[in-house]
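See below for input04.tsv, which holds TSV, C-alpha atoms and all ligand atoms.
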chain	number	residue	atom	x	y	z
P	1	MET	CA	21.32	-7.59	-46.68
P	2	LYS	CA	22.70	-7.13	-50.17
P	3	LEU	CA	20.73	-7.61	-53.36
P	4	TYR	CA	22.82	-8.11	-56.48
P	5	MET	CA	20.55	-7.06	-59.31
P	6	HIS	CA	20.05	-5.36	-62.64
P	7	PRO	CA	17.19	-2.81	-62.79
P	8	VAL	CA	15.84	-4.11	-66.11
P	9	SER	CA	16.04	-7.77	-65.15
P	10	THR	CA	12.62	-9.43	-65.19
P	11	VAL	CA	13.34	-11.36	-62.03
P	12	SER	CA	15.16	-8.57	-60.16
P	13	ARG	CA	12.31	-6.06	-60.58
P	14	PRO	CA	9.80	-8.01	-58.41
P	15	ILE	CA	12.26	-8.19	-55.52
P	16	ARG	CA	13.15	-4.52	-55.75
P	17	LEU	CA	9.44	-3.64	-55.84
P	18	PHE	CA	8.61	-5.91	-52.90
P	19	CYS	CA	11.44	-4.42	-50.82
P	20	ALA	CA	10.47	-0.86	-51.71
P	21	GLU	CA	6.79	-1.37	-50.95
P	22	ASN	CA	7.52	-3.06	-47.64
P	23	ASN	CA	10.30	-0.79	-46.41
P	24	ILE	CA	12.77	-3.64	-46.40
P	25	ALA	CA	16.25	-2.21	-46.14
P	26	VAL	CA	18.50	-3.84	-48.68
P	27	GLU	CA	21.73	-2.59	-50.16
P	28	GLU	CA	21.45	-2.88	-53.92
P	29	VAL	CA	24.55	-3.91	-55.85
P	30	PHE	CA	24.28	-3.16	-59.56
P	31	ILE	CA	25.58	-5.99	-61.73
P	32	ASP	CA	25.91	-4.69	-65.26
P	33	LEU	CA	24.73	-7.60	-67.41
P	34	MET	CA	25.36	-5.50	-70.54
P	35	THR	CA	29.10	-5.37	-69.89
P	36	GLY	CA	29.32	-8.95	-68.59
P	37	ALA	CA	29.87	-8.07	-64.91
P	38	HIS	CA	28.08	-11.31	-64.00
P	39	HIS	CA	30.89	-13.29	-65.63
P	40	GLN	CA	33.63	-11.69	-63.59
P	41	GLU	CA	35.24	-13.95	-61.02
P	42	GLU	CA	34.18	-11.83	-58.06
P	43	PHE	CA	30.47	-12.30	-58.88
P	44	ALA	CA	30.77	-15.83	-60.29
P	45	ARG	CA	32.22	-16.95	-56.95
P	46	LEU	CA	29.03	-15.72	-55.28
P	47	ASN	CA	26.71	-17.19	-57.90
P	48	PRO	CA	28.29	-19.85	-60.12
P	49	SER	CA	25.19	-19.65	-62.37
P	50	ARG	CA	26.34	-16.09	-63.16
P	51	GLN	CA	22.87	-14.60	-62.94
P	52	VAL	CA	20.99	-11.99	-60.98
P	53	PRO	CA	19.24	-11.68	-58.61
P	54	LEU	CA	21.31	-12.86	-55.68
P	55	LEU	CA	20.49	-12.04	-52.08
P	56	VAL	CA	23.15	-12.19	-49.40
P	57	ASP	CA	21.90	-12.07	-45.82
P	58	GLY	CA	24.74	-12.78	-43.38
P	59	ASP	CA	25.87	-16.34	-44.05
P	60	LEU	CA	22.98	-17.01	-46.44
P	61	SER	CA	23.58	-16.65	-50.14
P	62	LEU	CA	20.32	-17.13	-52.02
P	63	THR	CA	19.58	-17.27	-55.74
P	64	GLU	CA	16.28	-17.83	-57.58
P	65	SER	CA	13.90	-14.90	-57.51
P	66	SER	CA	10.98	-17.03	-56.36
P	67	ALA	CA	12.96	-18.37	-53.39
P	68	ILE	CA	14.22	-14.87	-52.56
P	69	LEU	CA	10.69	-13.40	-52.47
P	70	LYS	CA	9.51	-16.25	-50.23
P	71	TYR	CA	12.50	-15.83	-47.92
P	72	LEU	CA	12.02	-12.07	-47.57
P	73	ALA	CA	8.27	-12.42	-47.05
P	74	GLU	CA	8.83	-15.02	-44.32
P	75	LYS	CA	11.66	-13.11	-42.68
P	76	PHE	CA	9.54	-9.97	-42.42
P	77	GLN	CA	6.27	-11.85	-41.81
P	78	SER	CA	4.60	-10.17	-44.73
P	79	PRO	CA	0.84	-10.63	-45.17
P	80	ALA	CA	1.68	-11.05	-48.85
P	81	TYR	CA	2.75	-14.62	-47.97
P	82	PRO	CA	0.22	-15.73	-45.35
P	83	ALA	CA	1.14	-18.51	-42.94
P	84	ASP	CA	-2.09	-20.41	-43.66
P	85	ILE	CA	-0.82	-23.48	-45.50
P	86	LYS	CA	-3.61	-23.64	-48.05
P	87	LYS	CA	-3.23	-19.95	-48.99
P	88	ARG	CA	0.52	-20.41	-49.15
P	89	ALA	CA	0.15	-23.51	-51.33
P	90	LYS	CA	-1.92	-21.54	-53.85
P	91	ILE	CA	0.67	-18.76	-53.92
P	92	ASN	CA	3.40	-21.34	-54.52
P	93	GLU	CA	1.27	-22.88	-57.26
P	94	VAL	CA	0.89	-19.61	-59.17
P	95	MET	CA	4.57	-18.78	-58.80
P	96	ASP	CA	5.57	-22.18	-60.19
P	97	TRP	CA	2.99	-21.83	-62.94
P	98	LEU	CA	4.41	-18.46	-63.93
P	99	ASN	CA	8.02	-19.59	-63.75
P	100	THR	CA	7.80	-22.92	-65.54
P	101	GLY	CA	4.87	-22.37	-67.91
P	102	PHE	CA	4.05	-18.78	-68.76
P	103	TYR	CA	7.58	-17.35	-68.61
P	104	ARG	CA	9.06	-20.07	-70.80
P	105	ASP	CA	6.75	-19.31	-73.71
P	106	PHE	CA	6.25	-15.58	-73.24
P	107	GLY	CA	9.78	-14.66	-72.17
P	108	TYR	CA	12.07	-17.19	-73.77
P	109	ASN	CA	10.10	-18.01	-76.95
P	110	LEU	CA	8.47	-14.68	-77.78
P	111	VAL	CA	9.97	-11.60	-76.12
P	112	TYR	CA	13.67	-12.36	-75.56
P	113	PRO	CA	14.46	-13.77	-79.03
P	114	GLN	CA	13.31	-10.41	-80.43
P	115	ILE	CA	15.19	-8.08	-78.13
P	116	PHE	CA	18.39	-9.85	-77.10
P	117	PRO	CA	20.82	-10.66	-79.94
P	118	ASN	CA	22.13	-13.72	-78.07
P	119	HIS	CA	18.60	-15.19	-78.03
P	120	LYS	CA	18.17	-14.89	-81.80
P	121	ARG	CA	17.99	-18.29	-83.50
P	122	ARG	CA	20.65	-19.19	-86.07
P	123	SER	CA	18.36	-19.32	-89.12
P	124	ASP	CA	15.32	-17.20	-89.99
P	125	GLU	CA	13.25	-20.36	-90.20
P	126	ALA	CA	14.23	-21.51	-86.71
P	127	HIS	CA	13.72	-17.97	-85.38
P	128	ASP	CA	10.23	-17.63	-86.88
P	129	ALA	CA	9.26	-21.10	-85.64
P	130	THR	CA	10.33	-20.14	-82.11
P	131	LEU	CA	8.24	-16.98	-82.22
P	132	ALA	CA	5.21	-18.87	-83.59
P	133	TRP	CA	5.61	-21.42	-80.78
P	134	GLY	CA	5.93	-18.61	-78.27
P	135	GLN	CA	2.84	-16.82	-79.57
P	136	GLN	CA	0.73	-19.96	-79.44
P	137	GLY	CA	1.89	-20.91	-75.95
P	138	SER	CA	1.65	-17.37	-74.57
P	139	LYS	CA	-1.94	-17.02	-75.73
P	140	LYS	CA	-2.87	-20.22	-73.92
P	141	TRP	CA	-1.20	-19.11	-70.66
P	142	LEU	CA	-2.61	-15.57	-70.85
P	143	GLN	CA	-6.12	-16.92	-71.25
P	144	VAL	CA	-5.66	-19.07	-68.14
P	145	LEU	CA	-4.24	-16.09	-66.25
P	146	ASN	CA	-7.12	-13.91	-67.37
P	147	ASP	CA	-10.00	-16.36	-66.86
P	148	HIS	CA	-8.87	-18.75	-64.14
P	149	TYR	CA	-6.43	-16.96	-61.86
P	150	ILE	CA	-7.59	-13.34	-61.98
P	151	GLY	CA	-11.15	-13.75	-63.23
P	152	PRO	CA	-13.70	-10.94	-63.53
P	153	ASN	CA	-13.78	-9.87	-59.88
P	154	ASN	CA	-10.29	-10.14	-58.40
P	155	ALA	CA	-7.97	-7.20	-57.99
P	156	TYR	CA	-4.98	-9.56	-57.81
P	157	LEU	CA	-3.99	-13.06	-58.92
P	158	LEU	CA	-5.46	-14.83	-55.91
P	159	GLY	CA	-8.26	-12.60	-54.71
P	160	ASN	CA	-8.33	-9.08	-53.41
P	161	ASP	CA	-5.18	-9.23	-51.31
P	162	ILE	CA	-1.83	-8.70	-52.93
P	163	THR	CA	0.58	-11.63	-52.58
P	164	ILE	CA	4.19	-12.26	-53.57
P	165	ALA	CA	2.80	-14.06	-56.64
P	166	ASP	CA	1.61	-10.66	-57.89
P	167	TYR	CA	5.07	-9.16	-57.47
P	168	PHE	CA	6.58	-12.14	-59.24
P	169	GLY	CA	4.05	-12.24	-62.08
P	170	ILE	CA	3.96	-8.54	-62.85
P	171	GLY	CA	7.68	-8.56	-63.64
P	172	MET	CA	7.09	-11.31	-66.20
P	173	VAL	CA	3.88	-10.06	-67.80
P	174	THR	CA	5.13	-6.49	-68.27
P	175	ILE	CA	8.10	-7.63	-70.37
P	176	GLY	CA	5.45	-7.56	-73.11
P	177	GLU	CA	6.07	-3.79	-73.10
P	178	LEU	CA	9.53	-4.48	-74.51
P	179	ILE	CA	7.87	-5.69	-77.73
P	180	ASP	CA	5.10	-3.09	-77.54
P	181	CYS	CA	2.56	-5.82	-76.83
P	182	SER	CA	-1.07	-5.09	-75.99
P	183	PHE	CA	-3.12	-7.19	-73.59
P	184	ASN	CA	-6.44	-5.67	-74.70
P	185	GLU	CA	-7.88	-9.09	-75.42
P	186	TYR	CA	-7.41	-9.96	-71.75
P	187	PRO	CA	-9.43	-7.40	-69.75
P	188	ASN	CA	-8.81	-9.02	-66.37
P	189	ILE	CA	-5.06	-8.97	-66.97
P	190	CYS	CA	-5.30	-5.28	-67.94
P	191	ARG	CA	-7.14	-4.52	-64.69
P	192	TRP	CA	-4.54	-6.41	-62.65
P	193	ILE	CA	-1.64	-4.65	-64.41
P	194	SER	CA	-3.26	-1.31	-63.73
P	195	ASN	CA	-3.70	-2.22	-60.03
P	196	MET	CA	-0.05	-3.23	-59.74
P	197	LYS	CA	1.06	-0.02	-61.42
P	198	LYS	CA	-0.75	1.93	-58.71
P	199	LEU	CA	1.79	0.71	-56.15
P	200	LYS	CA	3.58	3.64	-54.60
P	201	HIS	CA	7.06	2.63	-55.75
P	202	TRP	CA	6.15	1.25	-59.18
P	203	ASP	CA	7.47	4.19	-61.22
P	204	GLU	CA	10.67	4.61	-59.27
P	205	VAL	CA	11.55	0.88	-59.40
P	206	ASN	CA	10.68	0.60	-63.09
P	207	GLU	CA	12.23	3.83	-64.34
P	208	ILE	CA	15.06	2.21	-66.31
P	209	PHE	CA	12.87	-0.64	-67.54
P	210	ASN	CA	10.30	1.91	-68.78
P	211	GLY	CA	13.02	3.78	-70.65
P	212	PHE	CA	14.10	0.56	-72.35
P	213	ALA	CA	10.47	-0.21	-73.33
P	214	ALA	CA	9.93	3.34	-74.61
P	215	GLY	CA	12.96	2.94	-76.88
P	216	ASN	CA	11.30	-0.08	-78.54
P	217	LYS	CA	7.93	1.60	-79.17
P	218	GLY	CA	6.83	1.58	-82.79
P	219	LYS	CA	9.42	-1.01	-83.86
P	220	ALA	CA	8.18	-4.06	-85.77
P	221	PHE	CA	7.79	-7.08	-83.51
P	222	ALA	CA	5.88	-10.35	-83.62
P	223	LYS	CA	3.33	-9.80	-80.88
P	224	LEU	CA	0.44	-11.92	-79.65
P	225	ALA	CA	-1.89	-11.81	-82.65
E	1	LIG	N1	15.62	-18.68	-62.47
E	1	LIG	C1	16.39	-17.50	-62.17
E	1	LIG	C2	16.64	-16.78	-63.49
E	1	LIG	C3	17.65	-15.67	-63.34
E	1	LIG	C4	17.90	-14.98	-64.66
E	1	LIG	O1	17.53	-15.47	-65.74
E	1	LIG	N2	18.53	-13.80	-64.57
E	1	LIG	C5	18.89	-13.06	-65.76
E	1	LIG	C6	18.41	-11.62	-65.67
E	1	LIG	S1	16.65	-11.52	-65.80
E	1	LIG	C7	20.39	-13.03	-65.89
E	1	LIG	O2	21.10	-12.85	-64.91
E	1	LIG	N3	20.88	-13.20	-67.12
E	1	LIG	C8	22.27	-13.15	-67.42
E	1	LIG	C9	22.74	-14.39	-68.13
E	1	LIG	O3	22.09	-15.46	-67.97
E	1	LIG	O4	23.75	-14.31	-68.82
E	1	LIG	C10	15.62	-16.60	-61.19
E	1	LIG	O5	14.39	-16.62	-61.21
E	1	LIG	O6	16.25	-15.90	-60.39
As structure tokens, the full file:
Amino acid sequence: MKLYMHPVSTVSRPIRLFCAENNIAVEEVFIDLMTGAHHQEEFARLNPSRQVPLLVDGDLSLTESSAILKYLAEKFQSPAYPADIKKRAKINEVMDWLNTGFYRDFGYNLVYPQIFPNHKRRSDEAHDATLAWGQQGSKKWLQVLNDHYIGPNNAYLLGNDITIADYFGIGMVTIGELIDCSFNEYPNICRWISNMKKLKHWDEVNEIFNGFAAGNKGKAFAKLA
């Protein structure tokens, strides 16, 4: 299997972490998004959307990080994606919730416009309005994550067993580190983040991401407050 990825990519990191933690042998192919390698014909033929991650397993070419995690978990019969249909339905629910709700506001309206020049809005007014929208939406989603999904007793998003939703979500929530964002107002989220960071391969998988985040420390960003 080949995984086309970028080590800082929010949606590549969960797959790399899941593979590392579960001893899944995958050949990683680095696609340098910074130099536009994803726009070169060779890669665009494999993924016309010109994005990472992309998993190639024999004759299967699979995009969408959520679908890739589910495929790998099924292929290797991981307990992180139990066969019980009700448990699986809840995992799917959280992954969709993260992807279509939380990530839109937190990633695309708050974090990315501040760190990627191509996400900056054309006027200051439009830019500030996007960030204000992102702050408001993110706070709503984080409260739901803190109170409803994790709650005061769970170690993970859906109880005390890690699932692929945790791998998926941790990639998205920790992009807050790129704008030096604190989650202190959300103690259950802090506990969950700290549990995920205890995974054996966390540091190794996130080394480059952590370097990127460290470079942004102390800079002025619109955060959650
Ligand atoms: N919905 C896709 C999103 C993929 C995505 O946004 N990938 C980013 C990296 S995090 C990318 O390749 N960006 C390059 C670009 O769009 O130009 C997934 O979950 O896999």
Requested in this report: Name the residues, by chain letter and number, that sit within 9 Å of ligand LIG 1 (chain E) using all atoms listed in the file, and give them as a list in words.
Outcome: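 My answer, listing the contacting residues, is Met5, His6, Val8, Ser9, Thr10, Val11, Ser12, Arg13, Ile31, Leu33, Met34, Gly36, His38, His39, Ser49, Arg50, Gln51, Val52, Pro53, Leu54, Thr63, Glu64, Ser65, Ser66, Ala67, Ile68 and Asn99 of chain P.
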Requested in this report: Can you pull out every residue within 9 Å of segment 56-60 of chain P, counting all atoms listed in the file, but drop anything in the same chain fewer than 2 positions away, and send it as a list in words?
Outcome: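 In the requested form, the answer reads Met1, Lys2, Leu3, Tyr4, Leu54, Leu62 and Thr63 of chain P.
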Report summary line: With distances taken over all atoms listed in the file, the candidate from P:Trp202, P:Phe106, P:Tyr167, P:Phe18 nearest Thr130 of chain P is P:Phe106
Neighbouring residues of segment 121-128 of chain P were defined as those with any atom within 10 Å, considering only C-alpha atoms; residues of the same chain fewer than 5 positions away were excluded. Please report them as a PDB file with C-alpha atoms, keeping the file's coordinate frame.
ATOM      1  CA  ASN P 109      10.100 -18.010 -76.950  1.00  0.00           C
ATOM      2  CA  LEU P 110       8.470 -14.680 -77.780  1.00  0.00           C
ATOM      3  CA  PRO P 113      14.460 -13.770 -79.030  1.00  0.00           C
ATOM      4  CA  GLN P 114      13.310 -10.410 -80.430  1.00  0.00           C
ATOM      5  CA  TRP P 133       5.610 -21.420 -80.780  1.00  0.00           C
ATOM      6  CA  GLY P 134       5.930 -18.610 -78.270  1.00  0.00           C
ATOM      7  CA  ALA P 222       5.880 -10.350 -83.620  1.00  0.00           C
TER       8      ALA P 222
END
Query raised in the report: Skipping near chain neighbours, those fewer than 3 positions away, what residues fall within 7 Å of His201 of chain P using all atoms listed in the file, listed as a ChimeraX atom specification?
Result: /P:17,20-21,204-205
**Report entry** Residue with smallest distance to Leu199 of chain P - pool P:Gly107, P:Leu69, P:Ile162, P:Asp180, counting all atoms listed in the file
**Finding:** P:Ile162
Query raised in the report: Just how far from atom CA of Phe212 of chain P is atom CA of Leu178 of chain P, in Å to one decimal?
Result: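 Calculated distance between atom CA of Leu178 of chain P and atom CA of Phe212 of chain P is 7.1 Å.
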Requested in this report: Select, from P:Leu131, P:Leu224, P:Leu98, P:Ala25, the residue with the minimum atom-to-atom distance to Glu185 of chain P, counting all atoms listed in the file.
Outcome: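 For Glu185 of chain P, the nearest of the given residues is P:Leu224.
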Per residue of segment 106-202 of chain P within 6 Å of segment 79-96 of chain P, which atom pair is closest and at what distance in Å (one decimal), using all atoms listed in the file, listed by chain and increasing number, as a Markdown table?
| residue | atom | partner | partner_atom | distance |
| --- | --- | --- | --- | --- |
| P:Ile162 | CA | P:Ala80 | CA | 5.9 |
| P:Thr163 | CA | P:Ala80 | CA | 3.9 |
| P:Ile164 | CA | P:Ala80 | CA | 5.5 |
| P:Ala165 | CA | P:Met95 | CA | 5.5 |
Requested in this report: Tell me which of P:Ala44, P:Phe30, P:Val111, P:Lys75 sits closest to Asn216 of chain P, counting only C-alpha atoms.
Outcome: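 Smallest separation from Asn216 of chain P among the options: P:Val111.
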Query raised in the report: Nearest to Pro187 of chain P among P:Pro14, P:Pro117, P:Pro7, P:Gly151, with distances taken over only C-alpha atoms: which residue is it?
Result: P:Gly151
